[in-house]
$ cat work_12.cif   # mmCIF, C-alpha atoms
data_target
loop_
_atom_site.label_atom_id
_atom_site.label_comp_id
_atom_site.auth_asym_id
_atom_site.auth_seq_id
_atom_site.Cartn_x
_atom_site.Cartn_y
_atom_site.Cartn_z
CA MET A 1 -70.34 -108.03 -12.94
CA ARG A 2 -71.92 -104.98 -11.63
CA VAL A 3 -69.25 -104.78 -8.97
CA LEU A 4 -66.54 -105.05 -11.59
CA VAL A 5 -68.01 -102.15 -13.54
CA ILE A 6 -68.06 -100.01 -10.43
CA VAL A 7 -64.41 -100.77 -9.66
CA ILE A 8 -63.32 -99.96 -13.23
CA GLY A 9 -65.21 -96.64 -13.13
CA ALA A 10 -63.57 -95.73 -9.89
CA LEU A 11 -60.15 -96.45 -11.31
CA VAL A 12 -60.86 -94.32 -14.38
CA THR A 13 -62.01 -91.47 -12.16
CA LEU A 14 -58.86 -91.70 -10.06
CA GLY A 15 -56.69 -91.70 -13.19
CA LEU A 16 -58.32 -88.60 -14.55
CA ALA A 17 -57.92 -86.84 -11.21
CA ALA A 18 -54.28 -87.75 -11.07
CA PHE A 19 -53.70 -86.38 -14.59
CA GLY A 20 -55.34 -83.07 -13.63
CA VAL A 21 -53.15 -82.70 -10.56
CA VAL A 22 -49.97 -83.27 -12.58
CA ALA A 23 -51.07 -80.70 -15.17
CA ALA A 24 -51.83 -78.17 -12.47
CA GLN A 25 -48.42 -78.67 -10.87
CA LYS A 26 -46.71 -78.11 -14.19
CA GLU A 27 -48.48 -74.79 -14.60
CA ALA A 28 -47.75 -73.68 -11.04
CA GLY A 29 -44.09 -74.75 -11.18
CA PRO A 30 -42.48 -71.34 -12.10
CA THR A 31 -44.49 -69.46 -9.53
CA SER A 32 -43.49 -71.95 -6.89
CA LEU A 33 -39.80 -71.60 -7.89
CA LEU A 34 -40.03 -67.81 -7.76
CA ALA A 35 -41.68 -68.06 -4.40
CA LEU A 36 -38.94 -70.33 -3.23
CA ALA A 37 -36.21 -68.13 -4.54
CA THR A 38 -37.84 -65.12 -2.92
CA HIS A 39 -38.07 -66.94 0.32
CA VAL A 40 -34.35 -67.81 0.22
CA ILE A 41 -32.83 -64.40 -0.79
CA SER A 42 -35.26 -62.01 0.91
CA PRO A 43 -34.08 -60.57 4.27
CA ALA A 44 -37.05 -62.14 5.98
CA LYS A 45 -37.41 -61.46 9.65
CA GLY A 46 -38.42 -64.97 10.72
CA THR A 47 -41.21 -65.17 8.14
CA SER A 48 -41.11 -65.77 4.43
CA MET A 49 -42.46 -63.07 2.15
CA PRO A 50 -45.29 -63.99 -0.21
CA ALA A 51 -44.30 -64.16 -3.82
CA ALA A 52 -46.77 -61.48 -4.79
CA ALA A 53 -45.40 -59.09 -2.18
CA SER A 54 -41.84 -59.49 -3.38
CA VAL A 55 -42.79 -58.91 -6.98
CA SER A 56 -44.97 -55.86 -6.31
CA THR A 57 -42.23 -54.08 -4.33
CA PRO A 58 -39.47 -53.37 -6.83
CA PRO A 59 -37.00 -50.65 -5.87
CA ALA A 60 -39.08 -48.02 -7.72
CA THR A 61 -40.39 -46.34 -4.57
CA PRO A 62 -37.05 -45.97 -2.75
CA ALA A 63 -35.45 -44.69 -5.97
CA ARG A 64 -37.53 -41.48 -5.94
CA PRO A 65 -35.99 -39.93 -2.84
CA VAL A 66 -32.51 -40.62 -4.27
CA ALA A 67 -33.33 -38.76 -7.48
CA ALA A 68 -34.06 -35.43 -5.70
CA PRO A 69 -30.54 -34.96 -4.16
CA VAL A 70 -28.97 -35.90 -7.46
CA THR A 71 -30.90 -33.12 -9.15
CA GLN A 72 -29.89 -30.63 -6.47
CA VAL A 73 -26.28 -31.69 -6.75
CA SER A 74 -26.48 -31.28 -10.48
CA ASP A 75 -27.90 -27.77 -10.07
CA THR A 76 -25.17 -26.89 -7.60
CA VAL A 77 -22.49 -28.23 -9.89
CA THR A 78 -23.82 -26.64 -13.06
CA ALA A 79 -24.42 -23.27 -11.41
CA PRO A 80 -20.79 -22.78 -10.41
CA ARG A 81 -19.41 -24.00 -13.73
CA PRO A 82 -19.01 -20.46 -15.08
CA THR A 83 -16.91 -19.61 -12.00
CA PRO A 84 -14.25 -22.29 -12.34
CA ALA A 85 -13.96 -21.75 -16.06
CA PRO A 86 -12.34 -18.27 -15.85
CA VAL A 87 -10.17 -19.39 -12.97
CA GLN A 88 -8.78 -22.24 -15.02
CA VAL A 89 -8.18 -19.94 -17.97
CA ALA A 90 -6.43 -17.39 -15.74
CA GLN A 91 -4.26 -20.08 -14.22
CA ASN A 92 -3.34 -21.45 -17.60
CA LYS A 93 -2.27 -18.04 -18.92
CA PRO A 94 1.37 -17.25 -18.14
CA ALA A 95 0.74 -13.48 -18.22
CA PRO A 96 -1.22 -13.21 -14.95
CA ALA A 97 1.51 -15.09 -13.08
CA PRO A 98 3.83 -12.05 -12.88
CA ALA A 99 0.88 -9.79 -12.05
CA PRO A 100 0.92 -10.72 -8.35
CA ALA A 101 4.58 -9.67 -8.17
CA PRO A 102 3.86 -5.96 -7.62
CA ALA A 103 1.18 -6.86 -5.08
CA PRO A 104 3.67 -7.66 -2.29
CA SER A 105 4.53 -3.98 -2.15
CA PRO A 106 2.14 -3.07 0.67
CA ASN A 107 2.67 0.63 0.59
CA PRO A 108 1.04 2.63 -2.22
CA HIS A 109 3.73 5.37 -1.89
CA ALA A 110 6.91 4.50 -3.70
CA ALA A 111 8.84 6.93 -1.49
CA THR A 112 8.16 4.82 1.59
CA ALA A 113 9.88 1.70 0.26
CA ILE A 114 13.57 1.19 0.96
CA PRO A 115 15.11 0.51 -2.46
CA PRO A 116 17.99 -1.93 -2.87
CA CYS A 117 21.44 -0.37 -2.76
CA SER A 118 24.13 -1.49 -5.19
CA ASN A 119 26.94 0.37 -3.41
CA PRO A 120 28.42 -1.75 -0.59
CA ALA A 121 30.28 1.28 0.74
CA ALA A 122 27.05 3.31 1.13
CA ILE A 123 25.48 3.91 4.50
CA GLY A 124 21.98 3.21 3.14
CA LEU A 125 18.61 3.70 4.77
CA SER A 126 17.79 1.94 8.01
CA ARG A 127 14.04 2.58 8.13
CA VAL A 128 11.27 4.87 6.94
CA VAL A 129 8.84 6.46 9.39
CA GLN A 130 5.47 7.86 8.41
CA ILE A 131 4.23 10.99 10.14
CA ASP A 132 0.53 11.59 10.64
CA THR A 133 0.30 15.36 10.79
CA THR A 134 -3.33 15.54 11.92
CA GLY A 135 -3.65 18.33 14.49
CA GLY A 136 -0.13 19.66 13.81
CA PRO A 137 2.25 17.61 16.00
CA ALA A 138 5.66 19.11 16.73
CA PHE A 139 9.06 17.39 16.58
CA GLY A 140 12.63 18.14 17.60
CA THR A 141 13.72 17.81 21.23
CA GLU A 142 15.41 21.19 21.26
CA HIS A 143 11.90 22.60 21.72
CA PHE A 144 9.41 19.70 21.74
CA LYS A 145 9.87 16.64 23.95
CA GLN A 146 6.73 14.58 23.36
CA TYR A 147 7.52 12.83 20.08
CA ASP A 148 11.04 11.48 20.30
CA PHE A 149 10.67 8.64 17.80
CA LEU A 150 14.33 7.92 17.06
CA ARG A 151 16.15 4.93 18.47
CA ASP A 152 19.72 5.02 19.68
CA LYS A 153 22.21 5.77 16.87
CA GLU A 154 19.47 6.85 14.45
CA VAL A 155 19.77 10.08 12.45
CA VAL A 156 17.35 12.11 10.35
CA LEU A 157 19.07 14.53 7.96
CA THR A 158 17.21 17.75 7.13
CA PHE A 159 18.18 20.73 4.97
CA ASP A 160 16.83 24.29 5.04
CA ASP A 161 16.77 27.36 2.77
CA GLY A 162 16.93 25.64 -0.62
CA PRO A 163 16.57 24.92 -3.35
CA TRP A 164 19.80 26.51 -4.53
CA PRO A 165 21.78 26.12 -7.76
CA GLU A 166 24.85 23.87 -7.58
CA ASN A 167 24.45 23.17 -3.85
CA THR A 168 21.14 21.28 -3.92
CA PRO A 169 22.24 19.00 -6.79
CA MET A 170 25.50 18.27 -4.91
CA VAL A 171 23.55 17.32 -1.79
CA LEU A 172 21.21 15.15 -3.85
CA LYS A 173 24.10 13.34 -5.54
CA ALA A 174 25.75 12.56 -2.20
CA ARG A 175 22.45 11.06 -1.05
CA GLN A 176 22.01 9.02 -4.18
CA ASP A 177 25.58 7.70 -3.97
CA ASN A 178 24.88 6.61 -0.39
CA CYS A 179 21.37 5.24 -1.03
CA ILE A 180 19.69 7.53 1.49
CA LYS A 181 16.91 10.11 1.52
CA ALA A 182 16.36 13.32 3.45
CA THR A 183 13.87 16.09 4.17
CA PHE A 184 14.21 19.54 2.59
CA PHE A 185 12.47 22.60 4.04
CA GLU A 186 12.32 24.94 1.05
CA ILE A 187 11.87 28.70 0.91
CA GLY A 188 8.94 29.45 -1.38
CA GLU A 189 10.64 32.30 -3.20
CA HIS A 190 13.70 30.16 -3.92
CA ALA A 191 11.44 27.45 -5.31
CA THR A 192 9.90 29.90 -7.77
CA TRP A 193 13.37 30.83 -9.00
CA ARG A 194 14.43 27.20 -9.62
CA PRO A 195 11.33 24.99 -9.71
CA ASP A 196 13.33 22.38 -11.62
CA LEU A 197 15.36 21.72 -8.47
CA THR A 198 12.23 21.18 -6.40
CA ARG A 199 10.95 18.74 -8.99
CA LEU A 200 14.32 16.98 -9.02
CA LEU A 201 14.12 16.36 -5.29
CA VAL A 202 10.54 15.11 -5.47
CA GLU A 203 11.25 12.84 -8.43
CA ASN A 204 14.13 11.26 -6.51
CA GLY A 205 11.96 10.39 -3.52
CA MET A 206 13.09 13.12 -1.16
CA THR A 207 10.57 14.61 1.27
CA VAL A 208 9.98 18.29 0.54
CA GLY A 209 8.47 20.53 3.23
CA THR A 210 8.31 24.32 3.53
CA HIS A 211 10.12 27.16 5.29
CA THR A 212 7.98 30.30 4.65
CA TRP A 213 7.86 32.44 1.53
CA SER A 214 10.93 34.65 2.16
CA HIS A 215 12.55 33.44 5.39
CA LYS A 216 11.17 36.14 7.68
CA ASP A 217 11.47 35.81 11.46
CA LEU A 218 7.80 35.45 12.38
CA ALA A 219 8.46 36.20 16.04
CA LYS A 220 9.39 39.79 15.13
CA ASN A 221 7.30 42.70 13.88
CA PRO A 222 5.42 43.23 11.69
CA TYR A 223 4.55 39.53 11.88
CA ALA A 224 4.49 39.31 15.67
CA LYS A 225 1.71 41.90 15.87
CA ASP A 226 -0.12 40.91 12.70
CA ILE A 227 -0.95 37.23 12.49
CA GLU A 228 -2.42 37.65 9.02
CA LYS A 229 0.94 38.80 7.68
CA ALA A 230 2.53 35.81 9.36
CA LYS A 231 -0.03 33.50 7.77
CA ASP A 232 0.77 35.05 4.39
CA GLU A 233 4.44 34.14 4.84
CA ILE A 234 3.60 30.56 5.82
CA GLU A 235 0.90 29.92 3.24
CA MET A 236 2.61 31.60 0.30
CA GLY A 237 5.65 29.43 0.98
CA ILE A 238 3.47 26.32 0.86
CA SER A 239 1.75 27.42 -2.36
CA ALA A 240 5.04 28.34 -4.06
CA VAL A 241 6.72 25.02 -3.26
CA ALA A 242 3.62 23.10 -4.34
CA MET A 243 3.58 24.97 -7.65
CA ALA A 244 7.27 24.27 -8.17
CA ALA A 245 6.67 20.57 -7.51
CA ALA A 246 4.18 20.65 -10.41
CA GLY A 247 1.84 18.07 -8.94
CA GLY A 248 4.49 16.13 -7.06
CA PRO A 249 3.76 15.51 -3.37
CA VAL A 250 4.76 18.23 -0.91
CA ALA A 251 4.73 17.24 2.74
CA PRO A 252 2.74 19.07 5.43
CA PHE A 253 6.07 19.61 7.24
CA PHE A 254 7.04 23.14 8.29
CA ARG A 255 10.09 24.65 9.96
CA PHE A 256 10.11 28.21 11.29
CA PRO A 257 13.02 30.44 10.20
CA ASP A 258 15.65 30.75 12.93
CA LEU A 259 13.55 28.24 14.91
CA GLN A 260 11.46 31.15 16.22
CA GLN A 261 8.07 29.52 16.84
CA PRO A 262 5.25 31.76 18.12
CA PRO A 263 2.64 29.66 19.94
CA ASP A 264 -0.27 31.21 18.04
CA LEU A 265 1.31 30.23 14.74
CA ILE A 266 1.97 26.68 15.94
CA ALA A 267 -1.71 26.57 16.84
CA TYR A 268 -2.60 27.86 13.38
CA LEU A 269 -0.51 25.14 11.73
CA GLY A 270 -2.47 22.65 13.82
CA THR A 271 -5.70 23.80 12.22
CA ARG A 272 -4.08 23.11 8.83
CA ASN A 273 -2.81 19.67 9.90
CA ILE A 274 0.78 20.75 9.31
CA ALA A 275 3.56 19.41 11.55
CA THR A 276 6.15 21.75 13.06
CA PHE A 277 9.80 20.66 13.01
CA SER A 278 12.45 22.05 15.28
CA THR A 279 15.67 20.00 15.58
CA ASP A 280 17.66 17.82 17.92
CA ILE A 281 21.06 18.87 16.61
CA ASP A 282 21.81 22.17 14.91
CA SER A 283 24.98 21.95 12.85
CA PHE A 284 25.39 25.77 12.79
CA ASP A 285 26.71 25.35 9.26
CA PHE A 286 25.42 28.84 8.50
CA LYS A 287 28.20 30.11 10.75
CA ILE A 288 30.95 27.52 10.18
CA HIS A 289 31.41 27.21 6.45
CA LYS A 290 34.47 24.97 6.14
CA PRO A 291 33.50 21.39 5.28
CA ASP A 292 35.74 19.83 7.95
CA ASP A 293 34.27 22.10 10.61
CA VAL A 294 30.73 21.20 9.56
CA ILE A 295 31.56 17.50 9.88
CA LYS A 296 33.18 18.00 13.28
CA SER A 297 30.18 19.97 14.54
CA VAL A 298 27.68 17.28 13.55
CA MET A 299 29.74 14.30 14.77
CA THR A 300 30.62 15.91 18.12
CA LYS A 301 26.99 16.72 18.88
CA LEU A 302 25.78 13.32 17.76
CA GLU A 303 28.32 11.60 20.00
CA LYS A 304 26.96 13.56 22.93
CA ASN A 305 23.29 13.14 22.06
CA GLY A 306 23.43 9.59 20.67
CA LYS A 307 20.88 10.26 17.93
CA GLY A 308 18.88 13.10 16.44
CA ILE A 309 17.18 15.15 13.76
CA VAL A 310 20.10 17.11 12.28
CA LEU A 311 19.57 20.60 10.83
CA MET A 312 21.80 21.64 7.94
CA HIS A 313 21.42 23.91 4.90
CA ASP A 314 21.66 23.02 1.23
CA PHE A 315 21.91 26.79 0.77
CA GLN A 316 25.45 26.54 2.18
CA HIS A 317 28.14 25.41 -0.26
CA GLY A 318 30.42 24.16 2.53
CA THR A 319 27.68 21.76 3.66
CA ALA A 320 27.23 20.39 0.15
CA GLU A 321 30.98 19.77 -0.04
CA ALA A 322 31.08 18.18 3.41
CA LEU A 323 28.22 15.74 2.91
CA PRO A 324 29.99 12.78 1.22
CA ALA A 325 32.65 12.60 3.93
CA LEU A 326 30.07 13.20 6.68
CA LEU A 327 28.01 10.24 5.51
CA GLN A 328 31.05 7.98 5.54
CA GLN A 329 31.91 9.06 9.08
CA LEU A 330 28.34 8.41 10.17
CA LYS A 331 28.56 4.89 8.77
CA ALA A 332 31.95 4.24 10.37
CA ALA A 333 30.57 5.34 13.75
CA GLY A 334 27.58 2.97 13.44
CA TYR A 335 24.84 5.53 12.86
CA LYS A 336 21.74 4.63 10.85
CA ILE A 337 19.77 6.94 8.57
CA VAL A 338 15.99 7.27 8.99
CA HIS A 339 13.75 8.87 6.38
CA MET A 340 10.50 10.70 7.25
CA VAL A 341 7.46 10.68 4.96
CA PRO A 342 3.98 12.14 5.50
CA ALA A 343 0.80 10.13 5.73
CA ALA A 344 -0.77 12.57 3.24
CA PRO A 345 0.45 15.55 1.18
CA VAL A 346 -0.19 19.16 2.10
CA THR A 347 -3.09 21.07 0.57
CA THR A 348 -2.74 24.65 -0.59
CA LEU A 349 -5.31 27.44 -0.25
CA ALA A 350 -6.53 29.18 -3.40
CA LYS A 351 -6.11 32.64 -1.90
CA TYR A 352 -2.38 32.14 -1.42
CA ASP A 353 -1.94 30.40 -4.76
CA ASP A 354 -3.19 33.63 -6.32
CA MET A 355 -0.87 35.70 -4.15
CA VAL A 356 2.13 33.69 -5.35
CA ARG A 357 1.09 34.08 -8.98
CA ALA A 358 0.86 37.83 -8.44
CA GLN A 359 4.53 37.89 -7.41
CA ASP A 360 5.57 37.35 -11.01
CA LYS A 361 5.87 41.05 -11.70
CA TYR A 362 7.53 40.49 -15.05
CA SER A 363 4.88 38.26 -16.56
CA SER A 364 3.55 39.71 -19.79
CA SER A 365 0.62 39.02 -22.05
CA ASN A 366 3.09 39.46 -24.89
CA ASN A 367 4.92 36.29 -23.88
CA THR A 368 2.40 33.81 -25.20
CA ARG A 369 4.22 32.40 -28.24
CA PRO A 370 6.31 29.25 -27.86
CA GLN A 371 10.05 29.80 -27.62
CA SER A 372 10.71 27.86 -30.81
CA SER A 373 8.72 30.43 -32.77
CA VAL A 374 10.42 33.41 -31.09
CA VAL A 375 14.06 32.28 -31.02
CA LYS A 376 15.68 30.35 -33.86
CA THR A 377 19.28 29.34 -34.40
CA ILE A 378 20.33 30.62 -37.81
CA SER A 379 24.05 29.92 -37.60
CA GLU A 380 26.40 27.78 -35.49
#
$ encode --input "work_12.cif" --output "structure tokens"
Amino acid sequence: MRVLVIVIGALVTLGLAAFGVVAAQKEAGPTSLLALATHVISPAKGTSMPAAASVSTPPATPARPVAAPVTQVSDTVTAPRPTPAPVQVAQNKPAPAPAPAPAPSPNPHAATAIPPCSNPAAIGLSRVVQIDTTGGPAFGTEHFKQYDFLRDKEVVLTFDDGPWPENTPMVLKARQDNCIKATFFEIGEHATWRPDLTRLLVENGMTVGTHTWSHKDLAKNPYAKDIEKAKDEIEMGISAVAMAAAGGPVAPFFRFPDLQQPPDLIAYLGTRNIATFSTDIDSFDFKIHKPDDVIKSVMTKLEKNGKGIVLMHDFQHGTAEALPALLQQLKAAGYKIVHMVPAAPVTTLAKYDDMVRAQDKYSSSNNTRPQSSVVKTISE
């Protein structure tokens, strides 16, 4: 009996133990499943990770380094936002689109550009050359050989002794009809008489240089023995033409009357950064006045020389009459017209500006009222 009691007690004890084990397994079940799942999906390197380790290592730590670049990228993006905004607005506006159109014109000086020509019969311009007059270079192979810049069959047309009524406008019209430009060496005194003609040339893109105040031969006395008098002739001519141009550009281009060029005066022009121009071909139109003879003179010499800076005079009426036909013959013979422009305009000296003003002997302090208040039409 005692043995039976012992056996029954043992069985009861075993049953209670078994019940406790089952209850413990039920409580541990989820953790064991998590541990199993972790063991299956973790990139274990030959060993399974403990469940606690996998749970305590969420991607919070690696996320922090990622956040810093995102912030920097955001700063970089937000900082430039004001920059793209105006660009987009500018691109969306139709008005700025034409604005770049003038930009392709590389040269700030309108006179240097070759304009389109609507006349198919015109000879037109071939090219424009810019002259840097620093130090006073000299041109024209009749006297100066160093700077022979013309190519074969190229011609530069130059005119002396103007401006002159009727003739200068005729020369200008022939140039406009043929879409070409030229260089005019003006006498200062003539420019004061008809400043409107000087302005007309400048406004139409011609290059205007100077030719002394009153066309004196500076190689003869009193100028040959008095350089100051010679300077007066040169500088007063420059001041007078500049005044006539009324702010328009006057080139630092100078031609000596009769092509008489004293070395000391060439040196002086160098100190003023003014270029000296002789010629390659002298038309002698001051001697041969008939238009046909002027044309023959120029064409014959060009045929012999092949190219050249041509000296003519808009002071001569025969030359003005000859010019339209001369330009057509130049075109027919295959010549090309080159235009010269300066790198910078000439500057005048105040002393000589005053001397030119003093030449107006008939100026009067009485002439201060406007013309409209002095002269009135009372009957027509």
$ residues_near_point --input "work_12.cif" --point "(21.7, 15.6, 22.3)" --cutoff "9 Å" --atoms "all atoms listed in the file" --output "JSON, numbers by chain"
{"A": [141, 142, 280, 281, 301, 302, 303, 304, 305, 306, 307, 308]}
$ atom_distance --input "work_12.cif" --atom1 "atom CA of Ala191 of chain A" --atom2 "atom CA of Gln260 of chain A"
21.8 Å
$ residues_around --input "work_12.cif" --residues "segment 166-181 of chain A" --least-positions-apart "6" --cutoff "8 Å" --atoms "only C-alpha atoms" --output "list in words"
Pro115, Cys117, Asn119, Ala121, Ala122, Ile123, Gly124, Leu125, Leu197, Leu201, Gly205, Met206, Thr207, Asp314, Phe315, Gln316, His317, Ala320, Glu321, Leu323, Pro324, Leu327, Ile337 and His339 of chain A
$ atom_distance --input "work_12.cif" --atom1 "atom CA of Lys336 of chain A" --atom2 "atom CA of Pro137 of chain A"
24.0 Å
$ resolve_selection --input "work_12.cif" --expression "the PyMOL selection byres ((chain A and resi 267) around 12)" --output "list in words"
Gly135, Gly136, Pro137, Ala138, Ile227, Lys231, Gln261, Pro262, Pro263, Asp264, Leu265, Ile266, Tyr268, Leu269, Gly270, Thr271, Arg272, Asn273, Ile274, Ala275 and Thr276 of chain A
$ resolve_selection --input "work_12.cif" --expression "the PyMOL selection byres ((chain A and resi 208) around 10)" --output "number ranges by chain"
A: 158-159, 182-186, 198-199, 201-202, 205-207, 209-210, 241-242, 245, 248-254, 341-342, 345
$ atom_distance --input "work_12.cif" --atom1 "atom CA of Glu233 of chain A" --atom2 "atom CA of Ala246 of chain A"
20.4 Å
$ residues_around --input "work_12.cif" --residues "segment 235-240 of chain A" --least-positions-apart "6" --cutoff "9 Å" --atoms "all atoms listed in the file" --output "list in words"
Glu186, Ile187, Gly188, Glu189, His190, Ala191, Thr192, Gly209, Thr210, His211, Thr212, Trp213, Ser214, Val250, Pro252, Phe254, Val346, Thr347, Thr348, Leu349, Ala350, Tyr352, Asp353, Asp354, Met355, Val356 and Arg357 of chain A
$ closest_residue --input "work_12.cif" --among "A:Leu200, A:Leu326, A:Ile309, A:Ala244" --to "Val338 of chain A" --atoms "all atoms listed in the file"
A:Ile309
$ closest_residue --input "work_12.cif" --among "A:Ala333, A:Thr319, A:Arg255, A:Asp282" --to "Ile295 of chain A" --atoms "all atoms listed in the file"
A:Thr319
$ decode --input "work_12.cif" --residues "segment 279-342 of chain A" --atoms "C-alpha atoms" --output "mmCIF file, in the first residue's frame"
data_model
loop_
_atom_site.group_PDB
_atom_site.id
_atom_site.type_symbol
_atom_site.label_atom_id
_atom_site.label_comp_id
_atom_site.auth_asym_id
_atom_site.auth_seq_id
_atom_site.Cartn_x
_atom_site.Cartn_y
_atom_site.Cartn_z
ATOM 1 C CA THR A 279 49.593 108.112 -102.256
ATOM 2 C CA ASP A 280 50.249 105.221 -104.584
ATOM 3 C CA ILE A 281 48.525 106.772 -107.592
ATOM 4 C CA ASP A 282 48.084 110.490 -108.165
ATOM 5 C CA SER A 283 45.289 111.161 -110.631
ATOM 6 C CA PHE A 284 46.581 114.697 -111.377
ATOM 7 C CA ASP A 285 42.940 115.728 -111.651
ATOM 8 C CA PHE A 286 43.973 119.209 -110.537
ATOM 9 C CA LYS A 287 45.648 119.548 -113.931
ATOM 10 C CA ILE A 288 43.379 117.447 -116.163
ATOM 11 C CA HIS A 289 39.845 118.639 -115.573
ATOM 12 C CA LYS A 290 37.843 116.759 -118.214
ATOM 13 C CA PRO A 291 35.995 113.792 -116.705
ATOM 14 C CA ASP A 292 37.105 111.353 -119.426
ATOM 15 C CA ASP A 293 40.730 112.365 -118.949
ATOM 16 C CA VAL A 294 40.474 111.874 -115.186
ATOM 17 C CA ILE A 295 39.106 108.362 -115.716
ATOM 18 C CA LYS A 296 41.826 107.524 -118.236
ATOM 19 C CA SER A 297 44.537 108.775 -115.885
ATOM 20 C CA VAL A 298 43.348 106.642 -112.968
ATOM 21 C CA MET A 299 42.698 103.470 -114.983
ATOM 22 C CA THR A 300 46.000 103.643 -116.879
ATOM 23 C CA LYS A 301 48.018 104.021 -113.679
ATOM 24 C CA LEU A 302 46.078 101.310 -111.903
ATOM 25 C CA GLU A 303 46.662 98.903 -114.774
ATOM 26 C CA LYS A 304 50.380 99.522 -114.449
ATOM 27 C CA ASN A 305 50.497 99.400 -110.648
ATOM 28 C CA GLY A 306 47.875 96.688 -110.077
ATOM 29 C CA LYS A 307 46.452 98.338 -106.956
ATOM 30 C CA GLY A 308 46.796 101.499 -104.907
ATOM 31 C CA ILE A 309 45.702 104.399 -102.757
ATOM 32 C CA VAL A 310 44.318 106.843 -105.342
ATOM 33 C CA LEU A 311 44.531 110.614 -104.778
ATOM 34 C CA MET A 312 41.754 112.746 -106.237
ATOM 35 C CA HIS A 313 40.064 116.026 -105.270
ATOM 36 C CA ASP A 314 36.427 116.659 -104.429
ATOM 37 C CA PHE A 315 37.401 120.306 -104.898
ATOM 38 C CA GLN A 316 37.528 119.593 -108.652
ATOM 39 C CA HIS A 317 34.192 119.561 -110.465
ATOM 40 C CA GLY A 318 35.508 117.358 -113.283
ATOM 41 C CA THR A 319 36.364 114.658 -110.733
ATOM 42 C CA ALA A 320 32.888 114.773 -109.221
ATOM 43 C CA GLU A 321 31.416 114.354 -112.710
ATOM 44 C CA ALA A 322 33.814 111.527 -113.581
ATOM 45 C CA LEU A 323 33.258 109.429 -110.473
ATOM 46 C CA PRO A 324 30.129 107.413 -111.436
ATOM 47 C CA ALA A 325 31.692 106.231 -114.703
ATOM 48 C CA LEU A 326 35.064 105.650 -113.021
ATOM 49 C CA LEU A 327 33.493 103.345 -110.449
ATOM 50 C CA GLN A 328 31.789 101.321 -113.160
ATOM 51 C CA GLN A 329 35.068 100.931 -115.035
ATOM 52 C CA LEU A 330 36.800 99.840 -111.843
ATOM 53 C CA LYS A 331 34.153 97.163 -111.346
ATOM 54 C CA ALA A 332 34.351 95.995 -114.962
ATOM 55 C CA ALA A 333 38.130 95.650 -114.652
ATOM 56 C CA GLY A 334 37.807 93.536 -111.486
ATOM 57 C CA TYR A 335 39.053 96.064 -108.941
ATOM 58 C CA LYS A 336 37.822 95.967 -105.346
ATOM 59 C CA ILE A 337 37.265 98.953 -103.058
ATOM 60 C CA VAL A 338 38.835 99.018 -99.588
ATOM 61 C CA HIS A 339 37.796 101.470 -96.884
ATOM 62 C CA MET A 340 40.177 102.747 -94.176
ATOM 63 C CA VAL A 341 39.026 103.571 -90.645
ATOM 64 C CA PRO A 342 41.049 104.629 -87.599
#
